[in-house]
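> This is input-v4.csv (CSV, C-alpha atoms and all ligand atoms).
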chain,number,residue,atom,x,y,z
A,162,MET,CA,0.0,0.0,0.0
A,163,VAL,CA,1.4,3.4,-0.9
A,164,GLU,CA,-0.1,6.6,0.5
A,165,ASP,CA,0.7,10.3,0.2
A,166,LEU,CA,0.8,11.1,3.9
A,167,THR,CA,-0.1,14.8,3.3
A,168,GLN,CA,-3.5,13.9,1.8
A,169,PRO,CA,-6.7,13.8,3.9
A,170,GLY,CA,-7.7,10.2,4.7
A,171,ALA,CA,-4.3,8.7,4.2
A,172,VAL,CA,-3.7,7.9,7.9
A,173,GLU,CA,-7.3,6.4,8.2
A,174,ARG,CA,-6.7,4.2,5.2
A,175,ILE,CA,-3.4,2.9,6.7
A,176,ALA,CA,-5.2,2.3,10.0
A,177,ASP,CA,-8.0,0.3,8.2
A,178,LEU,CA,-5.4,-1.9,6.6
A,179,VAL,CA,-3.5,-2.5,9.8
A,180,SER,CA,-6.6,-3.2,11.8
A,181,SER,CA,-6.7,-6.8,10.4
A,182,TRP,CA,-3.1,-7.5,11.6
A,183,SER,CA,-2.7,-9.4,14.9
A,184,ILE,CA,0.7,-7.9,15.6
A,185,VAL,CA,1.9,-4.3,15.1
A,186,ASP,CA,5.3,-4.3,16.7
A,187,LEU,CA,7.1,-1.7,14.6
A,188,LEU,CA,6.2,1.8,13.3
A,189,VAL,CA,9.0,3.8,11.6
A,190,ASN,CA,8.1,7.4,10.9
A,191,ASN,CA,10.6,8.0,8.2
A,192,ALA,CA,8.9,9.9,5.4
A,193,GLY,CA,10.1,13.5,5.2
A,194,ASN,CA,10.8,16.4,2.9
A,195,VAL,CA,12.9,19.5,2.9
A,196,ARG,CA,13.1,22.9,1.3
A,197,ALA,CA,16.1,25.1,2.3
A,198,GLY,CA,16.4,28.8,1.9
A,199,ARG,CA,15.9,32.1,3.7
A,200,LEU,CA,12.6,32.1,5.7
A,201,GLU,CA,11.2,35.2,3.9
A,202,LEU,CA,11.8,33.6,0.5
A,203,THR,CA,10.1,30.3,1.4
A,204,SER,CA,6.6,29.9,0.0
A,205,ASP,CA,3.7,29.2,2.4
A,206,ALA,CA,3.0,26.0,0.4
A,207,ASP,CA,6.5,24.7,1.2
A,208,VAL,CA,6.1,25.7,4.9
A,209,HIS,CA,2.8,23.7,5.1
A,210,SER,CA,4.3,20.8,3.1
A,211,MET,CA,7.2,20.3,5.5
A,212,ILE,CA,5.0,20.7,8.6
A,213,ASP,CA,2.3,18.3,7.2
A,214,LEU,CA,4.8,15.5,6.2
A,215,ASN,CA,7.5,15.8,8.9
A,216,LEU,CA,5.4,16.6,11.9
A,217,THR,CA,1.6,16.3,11.5
A,218,ALA,CA,1.7,12.9,9.6
A,219,PRO,CA,3.9,11.1,12.1
A,220,ILE,CA,1.9,12.4,15.0
A,221,LEU,CA,-1.4,11.3,13.5
A,222,LEU,CA,0.0,7.9,12.4
A,223,THR,CA,1.4,7.3,15.9
A,224,LYS,CA,-1.8,8.3,17.5
A,225,THR,CA,-3.8,6.0,15.3
A,226,LEU,CA,-1.6,3.0,15.6
A,227,LEU,CA,-0.7,3.4,19.3
A,228,PRO,CA,-3.5,1.0,20.6
A,229,ALA,CA,-2.1,-1.7,18.3
A,230,LEU,CA,1.5,-0.9,19.3
A,231,ARG,CA,0.5,-1.0,23.0
A,232,HIS,CA,-1.2,-4.3,22.5
A,233,SER,CA,1.9,-5.9,20.9
A,234,GLY,CA,4.1,-4.1,23.4
A,235,LYS,CA,2.3,-5.9,26.3
A,236,GLU,CA,2.5,-9.2,24.5
A,237,ARG,CA,6.1,-9.2,23.1
A,238,GLY,CA,7.4,-5.6,23.0
A,239,SER,CA,7.0,-3.1,20.2
A,240,ILE,CA,9.1,-0.3,18.8
A,241,LEU,CA,8.2,3.3,17.6
A,242,VAL,CA,11.1,4.9,15.6
A,243,ASN,CA,10.9,8.6,14.7
A,244,ILE,CA,13.4,9.8,12.2
A,245,SER,CA,14.5,13.3,13.3
A,246,SER,CA,17.7,14.9,12.2
A,247,GLY,CA,21.0,16.3,13.5
A,248,ILE,CA,19.5,19.7,12.7
A,249,ALA,CA,17.3,19.2,15.8
A,250,LEU,CA,20.5,19.2,17.8
A,251,VAL,CA,22.2,22.1,16.0
A,252,GLY,CA,19.7,24.4,14.2
A,253,MET,CA,21.3,25.3,10.8
A,254,PRO,CA,20.8,28.6,9.0
A,255,PHE,CA,18.5,28.4,5.9
A,256,TYR,CA,16.8,25.4,7.4
A,257,SER,CA,14.5,27.1,10.0
A,258,ILE,CA,11.3,25.3,9.0
A,259,TYR,CA,12.8,21.9,8.5
A,260,ALA,CA,14.6,22.3,11.8
A,261,ALA,CA,11.3,23.3,13.5
A,262,THR,CA,9.7,20.1,12.3
A,263,LYS,CA,12.6,17.9,13.3
A,264,SER,CA,12.9,19.4,16.7
A,265,GLY,CA,9.1,19.0,17.0
A,266,ILE,CA,9.3,15.3,16.3
A,267,SER,CA,12.1,14.7,18.7
A,268,GLN,CA,10.3,16.4,21.6
A,269,PHE,CA,7.1,14.5,20.6
A,270,GLY,CA,9.1,11.3,21.0
A,271,GLU,CA,10.7,12.3,24.3
A,272,SER,CA,7.3,13.2,25.8
A,273,LEU,CA,5.7,10.0,24.5
A,274,ARG,CA,8.6,7.8,25.7
A,275,ARG,CA,7.9,9.0,29.2
A,276,GLU,CA,4.1,8.7,28.7
A,277,LEU,CA,4.6,5.0,27.7
A,278,ILE,CA,7.0,3.9,30.5
A,279,GLY,CA,6.0,0.4,31.5
A,280,THR,CA,3.9,-0.4,28.4
A,281,GLY,CA,6.5,-2.4,26.4
A,282,VAL,CA,6.5,0.2,23.6
A,283,HIS,CA,10.1,1.3,23.1
A,284,VAL,CA,10.2,4.9,21.7
A,285,ALA,CA,13.4,5.8,19.8
A,286,THR,CA,14.4,9.0,18.1
A,287,VAL,CA,17.1,9.0,15.4
A,288,TYR,CA,19.3,12.0,14.6
A,289,PRO,CA,21.0,11.3,11.3
A,290,GLY,CA,23.6,13.8,10.1
A,291,ALA,CA,23.9,14.4,6.4
A,292,THR,CA,23.4,11.0,4.7
A,293,ASP,CA,23.9,10.2,1.0
A,294,THR,CA,20.3,9.7,-0.1
A,295,ALA,CA,18.0,11.2,-2.9
A,296,MET,CA,17.1,14.0,-0.5
A,297,MET,CA,20.6,15.4,-0.7
A,298,THR,CA,21.1,15.4,-4.4
A,299,SER,CA,20.0,19.0,-4.8
A,300,GLN,CA,22.4,20.3,-2.2
A,301,THR,CA,26.2,20.8,-2.7
A,302,ALA,CA,27.4,21.7,0.8
A,303,GLY,CA,30.3,19.4,1.6
A,304,ALA,CA,32.7,18.5,4.5
A,305,GLU,CA,34.3,22.0,4.3
A,306,LEU,CA,31.0,23.5,5.5
A,307,GLY,CA,30.4,20.7,8.1
A,308,TRP,CA,28.1,18.7,5.8
A,309,GLY,CA,30.2,15.6,5.1
A,310,ARG,CA,27.8,12.8,4.2
A,311,ARG,CA,27.8,9.3,5.5
A,312,PRO,CA,26.8,6.4,3.2
A,313,LEU,CA,23.2,5.2,3.9
A,314,GLU,CA,24.3,1.6,4.6
A,315,ASP,CA,26.6,2.8,7.5
A,316,VAL,CA,23.8,4.9,9.0
A,317,ILE,CA,21.4,1.9,8.8
A,318,THR,CA,24.0,-0.4,10.4
A,319,ASP,CA,24.5,2.0,13.3
A,320,LEU,CA,20.7,2.4,13.7
A,321,ILE,CA,20.0,-1.3,13.9
A,322,ALA,CA,22.9,-1.8,16.3
A,323,ALA,CA,21.6,1.0,18.6
A,324,LEU,CA,18.0,-0.5,18.5
A,325,GLU,CA,19.4,-3.9,19.4
A,326,ALA,CA,21.3,-2.3,22.3
A,327,GLY,CA,18.0,-0.9,23.5
A,328,GLU,CA,18.9,2.8,22.9
A,329,HIS,CA,16.3,5.5,22.8
A,330,GLU,CA,18.3,8.6,21.5
A,331,ILE,CA,20.2,7.4,18.5
A,332,ASN,CA,22.7,9.9,17.0
A,333,THR,CA,24.2,8.6,13.7
A,334,ALA,CA,26.1,11.8,12.9
A,335,PRO,CA,29.8,11.3,12.1
A,336,GLU,CA,32.3,11.8,14.9
A,337,SER,CA,33.4,15.1,13.3
A,338,ARG,CA,30.0,16.5,14.0
A,339,ARG,CA,29.9,15.7,17.7
A,340,GLU,CA,32.1,18.6,18.8
A,341,ILE,CA,29.7,21.2,17.4
A,342,GLN,CA,26.7,19.4,18.9
A,343,GLN,CA,28.4,19.5,22.3
A,344,LEU,CA,29.3,23.1,21.9
A,345,ASN,CA,25.7,24.0,21.0
A,346,ILE,CA,24.7,22.7,24.5
A,347,THR,CA,27.5,24.5,26.5
A,348,ASP,CA,28.0,27.7,24.4
A,349,PRO,CA,25.5,28.2,21.6
A,350,MET,CA,26.8,31.7,20.8
A,351,ALA,CA,30.2,30.1,20.0
A,352,VAL,CA,28.4,28.0,17.3
A,353,ASP,CA,26.9,31.2,15.9
A,354,ALA,CA,30.4,32.7,15.7
A,355,ALA,CA,31.8,29.5,14.1
A,356,LEU,CA,29.1,29.5,11.4
A,357,ALA,CA,29.2,33.2,10.6
A,358,PRO,CA,32.2,33.2,8.2
A,359,GLY,CA,30.7,30.4,6.1
A,360,LEU,CA,27.1,31.8,5.9
A,361,GLU,CA,27.4,33.1,2.3
A,362,ALA,CA,29.0,29.9,1.0
A,363,LEU,CA,26.3,27.8,2.8
A,364,GLU,CA,23.4,29.8,1.4
A,365,LEU,CA,24.8,29.3,-2.1
A,366,ALA,CA,25.3,25.5,-1.6
A,367,VAL,CA,21.8,24.9,-0.2
A,368,ARG,CA,19.8,27.4,-2.3
A,369,ASP,CA,18.4,24.6,-4.6
A,370,HIS,CA,18.0,22.1,-1.8
A,371,ARG,CA,14.5,20.8,-2.3
A,372,SER,CA,12.8,17.4,-2.1
A,373,ILE,CA,9.1,18.5,-2.1
A,401,LIG,N1,19.4,12.3,4.0
A,401,LIG,C1,19.8,13.1,5.0
A,401,LIG,O1,20.9,13.7,5.0
A,401,LIG,C2,18.9,13.2,6.2
A,401,LIG,C3,19.5,13.7,7.4
A,401,LIG,C4,18.7,13.8,8.5
A,401,LIG,C5,17.4,13.3,8.5
A,401,LIG,N2,16.9,12.8,7.4
A,401,LIG,C6,15.5,12.3,7.4
A,401,LIG,O2,15.5,10.9,7.1
A,401,LIG,C7,14.2,10.6,6.5
A,401,LIG,C8,14.4,9.9,5.2
A,401,LIG,O3,15.0,10.8,4.3
A,401,LIG,P1,15.8,10.4,3.0
A,401,LIG,O4,17.1,11.1,3.1
A,401,LIG,O5,15.7,9.0,2.8
A,401,LIG,O6,14.9,11.3,2.0
A,401,LIG,P2,14.4,10.9,0.5
A,401,LIG,O7,15.5,10.1,-0.2
A,401,LIG,O8,13.9,12.1,-0.1
A,401,LIG,O9,13.2,9.9,0.8
A,401,LIG,C9,12.1,10.4,1.4
A,401,LIG,C10,11.1,9.3,1.8
A,401,LIG,O10,9.9,9.9,2.2
A,401,LIG,C11,8.8,9.4,1.4
A,401,LIG,N3,7.8,10.5,1.1
A,401,LIG,C12,8.1,11.7,0.6
A,401,LIG,N4,7.0,12.4,0.5
A,401,LIG,C13,6.0,11.6,1.0
A,401,LIG,C14,4.6,11.7,1.1
A,401,LIG,N5,4.0,12.9,0.8
A,401,LIG,N6,3.9,10.7,1.6
A,401,LIG,C15,4.5,9.5,2.0
A,401,LIG,N7,5.8,9.3,1.9
A,401,LIG,C16,6.5,10.4,1.3
A,401,LIG,C17,9.5,8.9,0.1
A,401,LIG,O11,8.6,7.9,-0.4
A,401,LIG,P3,8.8,7.6,-2.0
A,401,LIG,O12,10.1,6.9,-2.2
A,401,LIG,O13,7.6,6.7,-2.2
A,401,LIG,O14,8.7,8.9,-2.7
A,401,LIG,C18,10.8,8.4,0.7
A,401,LIG,O15,10.6,7.1,1.2
A,401,LIG,C19,13.4,11.9,6.4
A,401,LIG,O16,12.6,12.1,7.5
A,401,LIG,C20,14.5,13.0,6.5
A,401,LIG,O17,14.1,14.2,6.9
A,401,LIG,C21,17.6,12.7,6.2
Will you turn the file into structure tokens for me?
Ligand SMILES: NC(=O)c1ccc[n+]([C@@H]2O[C@H](COP(=O)([O-])OP(=O)(O)OC[C@H]3O[C@@H](n4cnc5c(N)ncnc54)[C@H](OP(=O)(O)O)[C@@H]3O)[C@@H](O)[C@H]2O)c1

Amino acid sequence: MVEDLTQPGAVERIADLVSSWSIVDLLVNNAGNVRAGRLELTSDADVHSMIDLNLTAPILLTKTLLPALRHSGKERGSILVNISSGIALVGMPFYSIYAATKSGISQFGESLRRELIGTGVHVATVYPGATDTAMMTSQTAGAELGWGRRPLEDVITDLIAALEAGEHEINTAPESRREIQQLNITDPMAVDAALAPGLEALELAVRDHRSI
């Protein structure tokens, strides 16, 4: 079954299909889209598209499938995986709307994880750094701007290993990215200062970044 998750009725149609399944032990909220660029140059349609797909759709899907996940959780354990982004840990310029949706989904997961303590539903949030997928083909920022990409296979290997180890907060960013993530916690203004000299180059590299 294939659904456009931004369309009315899509979540209900998925719920109808799943209602005949005796076990629902995994929901991965992976579908996502991006449009980079200055906020004031972003169309309202693109704003809505990112919020609809990256935030509203996973919340509605989770809400609808939660009774089934709880049921399987009690019987044998179940897993909810939300794919956030490293951008939820370090907000990047020219990605303000995408960052808002990815921070939103990570806080959604954190709240829900606590709400579901003792239910057998394992809630995990994944924070991938730049990963070599179709989403990144229209963006040219490279390692020199802090956007070195990891191969998809490596990210998936790390993700599976982390789930098998029972982790909840799964950061698949490369080691080179950890320093700025840590700095953003201890001294966010130092991150602003570090990014400032590369702003113009970054804007140029991401101006066509679009997967909508
Ligand atoms: N690549 C990165 O660097 C990176 C970094 C951090 C986080 N992420 C996140 O990782 C997730 C996967 O991204 P990706 O890199 O694999 O992107 P991608 O190559 O563009 O794939 C996007 C996925 O979302 C699905 N999708 C897009 N629009 C949809 C819609 N309206 N309804 C239902 N499904 C839809 C696509 O389905 P179809 O194939 O059927 O079109 C595809 O499976 C996203 O949440 C993204 O934000 C990616």
> I'd like the interatomic distance between CA of Leu222 (chain A) and CA of Gly247 (chain A), to a tenth of an Å.
22.6 Å
> Calculated over all atoms listed in the file, which of the candidates A:Ala218, A:Val367, A:Ala354, A:Ala291 has the smallest distance to Tyr256 (chain A)?
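Answer, going by the shortest atom-to-atom distance: A:Val367.
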> Which of these, A:Gly309, A:Pro335, A:Gly279, A:Gly303, has the shortest distance to Arg231 (chain A) once you count only C-alpha atoms?
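Going through A:Gly309, A:Pro335, A:Gly279, A:Gly303 one by one, the smallest distance to Arg231 (chain A) is for A:Gly279.
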> Could you give me, as a ChimeraX atom specification, the residues that sit within 12 Å of (14.7, 20.5, 17.4) in the file's coordinates, counting only C-alpha atoms?
/A:216,244-253,256-271,286-288
> Between CA of Glu328 (chain A) and CA of Val352 (chain A), measure the distance and give it in Å to one decimal.
27.5 Å
> For atom N3 of ligand LIG 401 (chain A) and CA of Thr167 (chain A), determine how far apart the two atoms are, in Å to one decimal place.
9.3 Å
> With all atoms listed in the file as the atoms that count, which of A:Leu324, A:Val316, A:Leu306, A:Val195 lies nearest to ligand LIG 401 (chain A)?
A:Val195
> Could you list, as a ChimeraX atom specification, all residues that come within 6 Å of ligand LIG 401 (chain A)? Count all atoms listed in the file.
/A:164-167,191-194,244-246,289-297,372
> Which residue, A:Lys224, A:Arg371, A:His283, A:Arg199, has the smallest gap to Ser239 (chain A) when you use all atoms listed in the file?
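Closest residue, counting all atoms listed in the file: A:His283.
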> The residues within 10 Å of (14.7, 35.9, 7.9), using all atoms listed in the file and the coordinates of the file, should be reported as a list in words; which are they?
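Within 10 Å of (14.7, 35.9, 7.9), the protein and nucleic acid residues are Gly198, Arg199, Leu200, Glu201, Leu202, Thr203, Pro254, Phe255 and Ser257 of chain A.
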> Using all atoms listed in the file, which of the listed residues (A:Ala206, A:Val185, A:Pro219, A:Gly359) sits closest to Ser233 (chain A)?
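Ranked by minimum distance to Ser233 (chain A), first place goes to A:Val185.
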> Which is closer to Val282 (chain A) than all the others in A:Pro358, A:Pro169, A:Gly234, A:Pro228, using all atoms listed in the file?
A:Gly234
> For Val163 (chain A), list every protein, DNA or RNA residue within 12 Å, evaluated using only C-alpha atoms, and leave out those in the same chain fewer than 4 positions away; present the list as a list in words.
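My list of contacting residues is Gln168, Ala171, Val172, Arg174, Ile175, Leu178 and Ala192 of chain A.
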> Once you have the residues from the selection above, write them out as an mmCIF file, in the frame of the given file, restricted to C-alpha atoms.

data_model
loop_
_atom_site.group_PDB
_atom_site.id
_atom_site.type_symbol
_atom_site.label_atom_id
_atom_site.label_comp_id
_atom_site.auth_asym_id
_atom_site.auth_seq_id
_atom_site.Cartn_x
_atom_site.Cartn_y
_atom_site.Cartn_z
ATOM 1 C CA GLN A 168 -3.500 13.900 1.800
ATOM 2 C CA ALA A 171 -4.300 8.700 4.200
ATOM 3 C CA VAL A 172 -3.700 7.900 7.900
ATOM 4 C CA ARG A 174 -6.700 4.200 5.200
ATOM 5 C CA ILE A 175 -3.400 2.900 6.700
ATOM 6 C CA LEU A 178 -5.400 -1.900 6.600
ATOM 7 C CA ALA A 192 8.900 9.900 5.400
#
> Generate the coordinates of N, CA, C and O atoms for region 221-245 of chain A; report them as a CSV table (one decimal), in the frame of the given file.

chain,number,residue,atom,x,y,z
A,221,LEU,N,-0.1,11.9,13.7
A,221,LEU,CA,-1.4,11.3,13.5
A,221,LEU,C,-1.2,9.8,13.3
A,221,LEU,O,-2.0,9.0,13.8
A,222,LEU,N,-0.2,9.4,12.6
A,222,LEU,CA,0.0,7.9,12.4
A,222,LEU,C,0.3,7.2,13.7
A,222,LEU,O,-0.3,6.2,14.0
A,223,THR,N,1.1,7.8,14.6
A,223,THR,CA,1.4,7.3,15.9
A,223,THR,C,0.2,7.2,16.7
A,223,THR,O,-0.1,6.2,17.4
A,224,LYS,N,-0.6,8.3,16.7
A,224,LYS,CA,-1.8,8.3,17.5
A,224,LYS,C,-2.8,7.2,17.1
A,224,LYS,O,-3.3,6.5,18.0
A,225,THR,N,-2.9,7.0,15.8
A,225,THR,CA,-3.8,6.0,15.3
A,225,THR,C,-3.4,4.6,15.5
A,225,THR,O,-4.2,3.7,15.8
A,226,LEU,N,-2.1,4.4,15.4
A,226,LEU,CA,-1.6,3.0,15.6
A,226,LEU,C,-1.1,2.7,17.0
A,226,LEU,O,-0.8,1.5,17.3
A,227,LEU,N,-1.2,3.6,17.9
A,227,LEU,CA,-0.7,3.4,19.3
A,227,LEU,C,-1.5,2.3,20.0
A,227,LEU,O,-0.8,1.5,20.7
A,228,PRO,N,-2.8,2.2,19.9
A,228,PRO,CA,-3.5,1.0,20.6
A,228,PRO,C,-2.9,-0.3,20.1
A,228,PRO,O,-2.7,-1.2,21.0
A,229,ALA,N,-2.6,-0.4,18.8
A,229,ALA,CA,-2.1,-1.7,18.3
A,229,ALA,C,-0.6,-1.9,18.8
A,229,ALA,O,-0.2,-3.0,19.2
A,230,LEU,N,0.2,-0.8,18.8
A,230,LEU,CA,1.5,-0.9,19.3
A,230,LEU,C,1.6,-1.2,20.8
A,230,LEU,O,2.4,-2.0,21.3
A,231,ARG,N,0.6,-0.7,21.6
A,231,ARG,CA,0.5,-1.0,23.0
A,231,ARG,C,0.2,-2.5,23.2
A,231,ARG,O,0.7,-3.1,24.1
A,232,HIS,N,-0.8,-2.9,22.4
A,232,HIS,CA,-1.2,-4.3,22.5
A,232,HIS,C,0.0,-5.3,22.3
A,232,HIS,O,0.3,-6.2,23.1
A,233,SER,N,0.7,-5.0,21.2
A,233,SER,CA,1.9,-5.9,20.9
A,233,SER,C,3.0,-5.6,21.9
A,233,SER,O,3.7,-6.5,22.3
A,234,GLY,N,3.0,-4.4,22.4
A,234,GLY,CA,4.1,-4.1,23.4
A,234,GLY,C,3.9,-4.9,24.7
A,234,GLY,O,4.9,-5.4,25.3
A,235,LYS,N,2.6,-5.1,25.1
A,235,LYS,CA,2.3,-5.9,26.3
A,235,LYS,C,2.6,-7.3,26.1
A,235,LYS,O,3.2,-8.0,26.9
A,236,GLU,N,2.3,-7.8,24.8
A,236,GLU,CA,2.5,-9.2,24.5
A,236,GLU,C,4.0,-9.6,24.3
A,236,GLU,O,4.4,-10.6,24.8
A,237,ARG,N,4.7,-8.8,23.5
A,237,ARG,CA,6.1,-9.2,23.1
A,237,ARG,C,7.0,-8.0,22.9
A,237,ARG,O,8.2,-8.2,22.5
A,238,GLY,N,6.6,-6.8,23.2
A,238,GLY,CA,7.4,-5.6,23.0
A,238,GLY,C,7.2,-5.1,21.6
A,238,GLY,O,7.0,-5.8,20.7
A,239,SER,N,7.1,-3.7,21.5
A,239,SER,CA,7.0,-3.1,20.2
A,239,SER,C,7.9,-1.9,20.2
A,239,SER,O,8.4,-1.4,21.2
A,240,ILE,N,8.1,-1.4,18.9
A,240,ILE,CA,9.1,-0.3,18.8
A,240,ILE,C,8.5,0.8,17.9
A,240,ILE,O,7.9,0.6,16.8
A,241,LEU,N,8.6,2.1,18.4
A,241,LEU,CA,8.2,3.3,17.6
A,241,LEU,C,9.5,4.0,17.3
A,241,LEU,O,10.3,4.4,18.2
A,242,VAL,N,9.9,4.2,16.0
A,242,VAL,CA,11.1,4.9,15.6
A,242,VAL,C,10.7,6.2,14.9
A,242,VAL,O,10.0,6.1,13.9
A,243,ASN,N,11.1,7.3,15.4
A,243,ASN,CA,10.9,8.6,14.7
A,243,ASN,C,12.2,9.1,14.2
A,243,ASN,O,13.2,9.2,14.9
A,244,ILE,N,12.2,9.3,12.8
A,244,ILE,CA,13.4,9.8,12.2
A,244,ILE,C,13.4,11.4,12.3
A,244,ILE,O,12.7,12.0,11.6
A,245,SER,N,14.3,11.9,13.2
A,245,SER,CA,14.5,13.3,13.3
A,245,SER,C,15.6,13.7,12.4
A,245,SER,O,15.7,13.3,11.3
